[in-house]
Amino acid sequence: MEAKSDLKADAHKITDEMINDGMKVLAVAYKESDNNSISPSDEQDMILLGFLAFFDAPKSSAESAIKKT
């Protein structure tokens, strides 16, 4: 089994490639809790389920906006 640091590096490499290809990438994770509310400190030690990648096509007006600069 790969070390956690290797898995983390692999995940960064894959997500960086998707971002460089123009995709928006979201990580999906969870953590079991008995609390009725959450705080930013609860966003630690979560279990990564995976990533969602969305292709964000440029708007049709993007070309003219770039030419103006």
# chains A, B, ... in the order shown; residues from 1 in each chain; ligands from 1
>>> residues_around(residues="stretch 8-11 of chain A", least_positions_apart="3", cutoff="12 Å", atoms="only C-alpha atoms", output="PDB file with N, CA and C atoms, in the first residue's frame")
ATOM      1  N   GLU A   2       0.467   2.253  -0.767  1.00  0.00           N
ATOM      2  CA  GLU A   2       1.238   3.484  -0.835  1.00  0.00           C
ATOM      3  C   GLU A   2       1.169   4.247   0.484  1.00  0.00           C
ATOM      4  N   ALA A   3       2.213   4.978   0.771  1.00  0.00           N
ATOM      5  CA  ALA A   3       2.222   5.841   1.949  1.00  0.00           C
ATOM      6  C   ALA A   3       1.246   6.983   1.731  1.00  0.00           C
ATOM      7  N   LYS A   4       0.714   7.532   2.831  1.00  0.00           N
ATOM      8  CA  LYS A   4      -0.245   8.636   2.733  1.00  0.00           C
ATOM      9  C   LYS A   4       0.331   9.810   1.958  1.00  0.00           C
ATOM     10  N   SER A   5       1.623  10.096   2.162  1.00  0.00           N
ATOM     11  CA  SER A   5       2.231  11.232   1.463  1.00  0.00           C
ATOM     12  C   SER A   5       2.252  10.992  -0.044  1.00  0.00           C
ATOM     13  N   ILE A  14      -3.032  14.864  -9.986  1.00  0.00           N
ATOM     14  CA  ILE A  14      -4.220  14.632 -10.818  1.00  0.00           C
ATOM     15  C   ILE A  14      -5.118  15.859 -10.835  1.00  0.00           C
ATOM     16  N   THR A  15      -5.362  16.454  -9.662  1.00  0.00           N
ATOM     17  CA  THR A  15      -6.239  17.628  -9.622  1.00  0.00           C
ATOM     18  C   THR A  15      -5.586  18.821 -10.328  1.00  0.00           C
ATOM     19  N   ASP A  16      -4.274  18.975 -10.194  1.00  0.00           N
ATOM     20  CA  ASP A  16      -3.576  20.056 -10.902  1.00  0.00           C
ATOM     21  C   ASP A  16      -3.719  19.897 -12.415  1.00  0.00           C
ATOM     22  N   GLU A  17      -3.629  18.655 -12.904  1.00  0.00           N
ATOM     23  CA  GLU A  17      -3.793  18.405 -14.336  1.00  0.00           C
ATOM     24  C   GLU A  17      -5.204  18.788 -14.795  1.00  0.00           C
ATOM     25  N   MET A  18      -6.218  18.423 -13.999  1.00  0.00           N
ATOM     26  CA  MET A  18      -7.592  18.758 -14.367  1.00  0.00           C
ATOM     27  C   MET A  18      -7.794  20.270 -14.361  1.00  0.00           C
ATOM     28  N   VAL A  25     -12.588  21.771  -9.937  1.00  0.00           N
ATOM     29  CA  VAL A  25     -12.467  20.522  -9.201  1.00  0.00           C
ATOM     30  C   VAL A  25     -12.924  20.722  -7.762  1.00  0.00           C
ATOM     31  N   ALA A  27     -13.432  18.634  -4.038  1.00  0.00           N
ATOM     32  CA  ALA A  27     -13.169  17.435  -3.252  1.00  0.00           C
ATOM     33  C   ALA A  27     -14.430  17.114  -2.465  1.00  0.00           C
ATOM     34  N   LEU A  48     -11.666  11.361   2.619  1.00  0.00           N
ATOM     35  CA  LEU A  48     -11.837  11.776   1.235  1.00  0.00           C
ATOM     36  C   LEU A  48     -12.548  10.672   0.461  1.00  0.00           C
ATOM     37  N   LEU A  49     -13.672  11.042  -0.158  1.00  0.00           N
ATOM     38  CA  LEU A  49     -14.402  10.092  -0.997  1.00  0.00           C
ATOM     39  C   LEU A  49     -13.945  10.157  -2.443  1.00  0.00           C
ATOM     40  N   GLY A  50     -13.575  11.350  -2.883  1.00  0.00           N
ATOM     41  CA  GLY A  50     -13.125  11.493  -4.255  1.00  0.00           C
ATOM     42  C   GLY A  50     -13.243  12.935  -4.718  1.00  0.00           C
ATOM     43  N   PHE A  51     -13.195  13.111  -6.021  1.00  0.00           N
ATOM     44  CA  PHE A  51     -13.229  14.434  -6.618  1.00  0.00           C
ATOM     45  C   PHE A  51     -14.321  14.492  -7.675  1.00  0.00           C
TER      46      PHE A  51
END
>>> closest_residue(among="A:Asp6, A:Asp56, A:Asp45, A:Glu63", to="A:Ala29", atoms="only C-alpha atoms")
A:Asp45
>>> select_by_dssp(residues="chain A", states="strand (DSSP E)", output="PyMOL selection string")
chain A and resi 23-30+47-55
>>> atom_distance(atom1="atom CA of A:Glu43", atom2="atom CA of A:Val28")
11.9 Å
>>> select_by_dssp(residues="chain A", states="helix (DSSP H, G or I)", output="ChimeraX atom specification")
/A:4-20,40-42,62-68
>>> write_last_selection(atoms="N, CA, C and O atoms", output="short mmCIF file (atom, residue, chain, number, x, y, z; two decimals), in the first residue's frame")
data_model
loop_
_atom_site.label_atom_id
_atom_site.label_comp_id
_atom_site.auth_asym_id
_atom_site.auth_seq_id
_atom_site.Cartn_x
_atom_site.Cartn_y
_atom_site.Cartn_z
N LYS A 4 0.71 7.53 2.83
CA LYS A 4 -0.25 8.64 2.73
C LYS A 4 0.33 9.81 1.96
O LYS A 4 -0.38 10.45 1.19
N SER A 5 1.62 10.10 2.16
CA SER A 5 2.23 11.23 1.46
C SER A 5 2.25 10.99 -0.04
O SER A 5 2.08 11.92 -0.83
N ASP A 6 2.46 9.73 -0.48
CA ASP A 6 2.44 9.40 -1.90
C ASP A 6 1.04 9.58 -2.47
O ASP A 6 0.86 10.09 -3.57
N LEU A 7 0.03 9.14 -1.72
CA LEU A 7 -1.36 9.28 -2.17
C LEU A 7 -1.74 10.75 -2.27
O LEU A 7 -2.41 11.17 -3.22
N LYS A 8 -1.29 11.54 -1.31
CA LYS A 8 -1.58 12.97 -1.32
C LYS A 8 -0.91 13.62 -2.52
O LYS A 8 -1.52 14.44 -3.23
N ALA A 9 0.33 13.27 -2.80
CA ALA A 9 1.05 13.83 -3.95
C ALA A 9 0.36 13.42 -5.25
O ALA A 9 0.23 14.25 -6.17
N ASP A 10 -0.10 12.18 -5.34
CA ASP A 10 -0.81 11.71 -6.54
C ASP A 10 -2.11 12.49 -6.72
O ASP A 10 -2.44 12.89 -7.84
N ALA A 11 -2.84 12.71 -5.65
CA ALA A 11 -4.09 13.46 -5.72
C ALA A 11 -3.84 14.89 -6.19
O ALA A 11 -4.58 15.42 -7.03
N HIS A 12 -2.81 15.52 -5.66
CA HIS A 12 -2.47 16.88 -6.08
C HIS A 12 -2.10 16.92 -7.56
O HIS A 12 -2.52 17.82 -8.29
N LYS A 13 -1.33 15.94 -8.01
CA LYS A 13 -0.92 15.90 -9.41
C LYS A 13 -2.14 15.76 -10.32
O LYS A 13 -2.26 16.48 -11.32
N ILE A 14 -3.03 14.86 -9.99
CA ILE A 14 -4.22 14.63 -10.82
C ILE A 14 -5.12 15.86 -10.83
O ILE A 14 -5.58 16.29 -11.90
N THR A 15 -5.36 16.45 -9.66
CA THR A 15 -6.24 17.63 -9.62
C THR A 15 -5.59 18.82 -10.33
O THR A 15 -6.27 19.57 -11.01
N ASP A 16 -4.27 18.97 -10.19
CA ASP A 16 -3.58 20.06 -10.90
C ASP A 16 -3.72 19.90 -12.42
O ASP A 16 -3.92 20.87 -13.14
N GLU A 17 -3.63 18.65 -12.90
CA GLU A 17 -3.79 18.41 -14.34
C GLU A 17 -5.20 18.79 -14.79
O GLU A 17 -5.38 19.40 -15.86
N MET A 18 -6.22 18.42 -14.00
CA MET A 18 -7.59 18.76 -14.37
C MET A 18 -7.79 20.27 -14.36
O MET A 18 -8.44 20.83 -15.26
N ILE A 19 -7.24 20.95 -13.37
CA ILE A 19 -7.36 22.41 -13.29
C ILE A 19 -6.67 23.05 -14.49
O ILE A 19 -7.21 23.97 -15.11
N ASN A 20 -5.49 22.54 -14.85
CA ASN A 20 -4.76 23.09 -16.00
C ASN A 20 -5.50 22.84 -17.32
O ASN A 20 -5.31 23.57 -18.28
N PRO A 40 -15.51 25.52 11.49
CA PRO A 40 -14.32 25.26 10.67
C PRO A 40 -13.36 24.25 11.30
O PRO A 40 -12.69 23.50 10.58
N SER A 41 -13.31 24.20 12.61
CA SER A 41 -12.40 23.24 13.26
C SER A 41 -12.84 21.79 13.02
O SER A 41 -12.04 20.87 13.18
N ASP A 42 -14.11 21.58 12.65
CA ASP A 42 -14.59 20.23 12.35
C ASP A 42 -14.08 19.73 11.00
O ASP A 42 -14.20 18.56 10.69
N ALA A 62 -15.98 35.79 -24.06
CA ALA A 62 -14.60 35.78 -23.58
C ALA A 62 -13.61 36.28 -24.63
O ALA A 62 -12.69 37.03 -24.31
N GLU A 63 -13.81 35.88 -25.86
CA GLU A 63 -12.86 36.26 -26.92
C GLU A 63 -12.80 37.78 -27.09
O GLU A 63 -11.72 38.38 -27.13
N SER A 64 -13.95 38.43 -27.12
CA SER A 64 -13.95 39.88 -27.30
C SER A 64 -13.40 40.59 -26.05
O SER A 64 -12.74 41.62 -26.16
N ALA A 65 -13.63 40.02 -24.88
CA ALA A 65 -13.11 40.61 -23.65
C ALA A 65 -11.59 40.52 -23.62
O ALA A 65 -10.91 41.47 -23.18
N ILE A 66 -11.03 39.43 -24.12
CA ILE A 66 -9.58 39.27 -24.15
C ILE A 66 -8.96 40.23 -25.17
O ILE A 66 -7.91 40.83 -24.91
N LYS A 67 -9.61 40.40 -26.29
CA LYS A 67 -9.09 41.31 -27.33
C LYS A 67 -9.04 42.74 -26.85
O LYS A 67 -8.21 43.51 -27.28
N LYS A 68 -9.94 43.13 -25.93
CA LYS A 68 -9.99 44.50 -25.42
C LYS A 68 -8.82 44.82 -24.51
O LYS A 68 -8.50 45.98 -24.29
#
>>> atom_distance(atom1="atom CA of A:Asp21", atom2="atom CA of A:Lys59")
15.9 Å
>>> closest_residue(among="A:Asn35, A:Gly22, A:Ser60, A:Tyr30", to="A:Ile47", atoms="only C-alpha atoms")
A:Tyr30
